[in-house]
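Enquirer: Quick one: the structure is below, and I'll ask about it shortly.
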Amino acid sequence: MTASGRSFDCDVLVVGGGIVGLSAAYALMRSAPGTRVTVLEKERGPARHQTGRNSGVIHSGIYYRPGSLKARFAVRGAAEMVKFCAEYGIDHQVTGKLIVATEREELPRLHALVQRGRENGIPVRELGPAQIAEYEPEVRGLAAIHVGTTGVCDYGAVAAQLAQASDADVRYGEEVTAVDRRPWGVAVRTASGTVVRARALVNCAGLHCDRVARLAGDDPGMRIVPFRGEYYELTRPGLVRGLVYPVPDPAFPFLGVHLTRGIDGGVHVGPNAVPALAREGYTWSAVRPLDLAETLRWPGSWQIARRHWRYGAGELHRSLSKRAFTQAVRRLLPAVTEDDLRPAPAGVRAQAVLRDGTLADDFLIREAPRTVHVLNAPSPAATASLPIGREVARRALEALKEDRVHHPGAPGRAPGR
């Protein structure tokens, strides 16, 4: 194989057809028209995991530390997501949401959220008990805040539209099994035996991003520890008008059990966060020994267990007991009963955990030669996917520029050849 431009199948190869990978492809094509982009997705369609298995919330960005990537990208991304949905006719609504304090000890955290929201440029209105009832007649609390920029949409439809609008070569059913990175570029082999050669690689593999990083020869310094988010659906959706959240505990990356009226009019309740026994473990019966062994071998997993076992025990109790789950919901919605809750499909959060047990709190994007790895992109990544995609595209295009300056051409080979 010669080293001319024709020896490459594409300029940038994106691994992962979730909303972040497809946003990166979309941004690449818009930022640098003529760039040849290929996306490899192991499933038979886009958005089959984190993107397509969440509550569909367009997050405002109120929770995130000012100046962090999450804060910057979520605030900007929420407005862009609404505009994108409107442009392409994708179902969406800007409903606003309530964050409700039900106990006195939560009031200082609620007031801190007001300040954080204002620092992030988010419109926030403080409410007393009577004002809560104006928004949500069945919800009870000591105080609340109303966040007007929160909404809901169909992220699966967004991902499909990104794939179409990007004009990239999106290939489904292609699981990456080998990566060979050389001075001339990157070659990837898939389970089907397909080989794709590219000048640069973008790793947006979500639940498997750390594995793809290791295939490329990079130490990501973290592991994905999967947490399953378990949901119920209200059989009486009229109990809730919009979105209702508890005051989150800042010690954890989870927002607690909340109520979300989706674009279809149904109300999801959850998620309850428990360890998943497989990276794609959407039920307790879904167990993959390899996935479980990787989680148990990682020192950070044991550090999490030591630090947060009380919190985890509560989540497990609510997972195994519908009565306990109902009691958690009744803190916000006293009228709900066990009979009002029916099981709904679960999701799995790809949580990056560092070796010392630190739960990565911000988006984590790392670079290596001719490679960009997106190593932590849980919620609000769907909300922030358009600005995240632009950031990833910017870094990938910089890698292409450097590569063309330093390595205008050299022979290469495919993995295993």
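Residues are named by chain letter and number: chains run A, B, ... in the order of the structure tokens, numbers start at 1 in each chain, and ligands are numbered from 1 in the order shown.
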Could you build a table of the residues in region 217-273 of chain A lying no more than 8 Å from region 312-326 of chain A, giving for each the nearest pair of atoms and their separation in Å rounded to one decimal place, using only C-alpha atoms, ordered by chain and ascending residue number, as CSV?
Expert:
```
residue,atom,partner,partner_atom,distance
A:Glu230,CA,A:Ser319,CA,7.5
A:Asn272,CA,A:Glu315,CA,6.2
A:Ala273,CA,A:Glu315,CA,6.1
```
Enquirer: From region 119-331 of chain A, collect each residue whose DSSP state is helix (DSSP H, G or I) and return the set as a PyMOL selection string.
Expert: chain A and resi 119+129-135+155-166+206-215+237-239+289-297+299-320+322-330
Enquirer: Would you give me, as a tab-separated table, each residue of region 103-202 of chain A having an atom within 7 Å of an atom of region 87-93 of chain A, along with its shortest atom pair and that distance in Å to one decimal, using only C-alpha atoms and sorting by chain and residue number?
Expert:
```
residue	atom	partner	partner_atom	distance
A:Gly151	CA	A:Gln93	CA	5.4
A:Val152	CA	A:Gln93	CA	5.4
A:Cys153	CA	A:His92	CA	4.1
A:Asp154	CA	A:Asp91	CA	6.2
A:Ala157	CA	A:Ile90	CA	6.8
```
Enquirer: Generate a file of the selected residues that holds N, CA, C and O atoms, formatted as an mmCIF file, in the first residue's frame.
Expert:
```cif
data_model
loop_
_atom_site.group_PDB
_atom_site.id
_atom_site.type_symbol
_atom_site.label_atom_id
_atom_site.label_comp_id
_atom_site.auth_asym_id
_atom_site.auth_seq_id
_atom_site.Cartn_x
_atom_site.Cartn_y
_atom_site.Cartn_z
ATOM 1 N N GLY A 151 -36.039 21.162 29.533
ATOM 2 C CA GLY A 151 -37.059 20.641 28.629
ATOM 3 C C GLY A 151 -36.893 19.151 28.418
ATOM 4 O O GLY A 151 -36.147 18.474 29.149
ATOM 5 N N VAL A 152 -37.583 18.620 27.430
ATOM 6 C CA VAL A 152 -37.489 17.204 27.072
ATOM 7 C C VAL A 152 -37.490 17.087 25.552
ATOM 8 O O VAL A 152 -38.017 17.952 24.843
ATOM 9 N N CYS A 153 -36.896 16.005 25.070
ATOM 10 C CA CYS A 153 -36.898 15.737 23.635
ATOM 11 C C CYS A 153 -36.667 14.250 23.403
ATOM 12 O O CYS A 153 -36.494 13.477 24.343
ATOM 13 N N ASP A 154 -36.647 13.855 22.142
ATOM 14 C CA ASP A 154 -36.394 12.473 21.742
ATOM 15 C C ASP A 154 -34.948 12.378 21.268
ATOM 16 O O ASP A 154 -34.634 12.688 20.117
ATOM 17 N N ALA A 157 -34.159 10.226 18.197
ATOM 18 C CA ALA A 157 -34.428 10.906 16.923
ATOM 19 C C ALA A 157 -33.350 11.933 16.617
ATOM 20 O O ALA A 157 -32.970 12.126 15.450
#
```
Enquirer: Under the rule that only C-alpha atoms are counted, which of A:Arg36, A:Arg394, A:Lys97, A:Arg116 is the nearest residue to Cys10 (chain A)?
Expert: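 Counting only C-alpha atoms, the residue closest to Cys10 (chain A) is A:Arg36.
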Enquirer: Got a sec: who's within 9 Å of Val348 (chain A), counting only C-alpha atoms, leaving out chain neighbours fewer than 6 positions off, as a list in words?
Expert: His49, Gln50, Arg53, Asn54, Leu207, Pro226, Phe227, Arg228, Gly229, Glu230, Ala273, Ala276, Arg279, Glu280, Gly281 and Tyr282 of chain A
Enquirer: Can you tell me, as a ChimeraX atom specification, what residues are no more than 9 Å from region 235-251 of chain A when counting only C-alpha atoms, ignoring any on the same chain fewer than 2 positions away?
Expert: /A:57,63,95-102,106-107,109-110,113,135-139,144,150-151,233,253-262,265-268,331-333,335-336,339-342
Enquirer: Do you have the CA of Pro220 (chain A)-CA of Leu69 (chain A) distance handy?
Expert: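 Separation of CA of Pro220 (chain A) and CA of Leu69 (chain A): 18.8 Å.
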Enquirer: Could you give me, as a VMD selection string, the residues within 7 Å of Ala159 (chain A), counting only C-alpha atoms and dropping anything in the same chain fewer than 6 positions from it?
Expert: chain A and resid 18 to 19 22 46 to 47
Enquirer: Of the candidates A:Gly185, A:Gly193, A:Pro271, A:Gly17, which shows the shortest atom-to-atom distance to Thr371 (chain A), using only C-alpha atoms?
Expert: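 Among the listed residues, the smallest separation from Thr371 (chain A) belongs to A:Gly185.
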Enquirer: Taking 5 positions as the minimum chain separation for residues in the same chain, which residues sit within 9 Å of Gly117 (chain A) when counting only C-alpha atoms? Answer as a ChimeraX atom specification.
Expert: /A:60-64,66,112,122-124,147
Enquirer: From the set A:Ser385, A:Arg307, A:Leu375, A:His208, which residue has the shortest atom-to-atom contact distance to Asp291 (chain A), counting only C-alpha atoms?
Expert: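 Closest to Asp291 (chain A), using only C-alpha atoms: A:His208.
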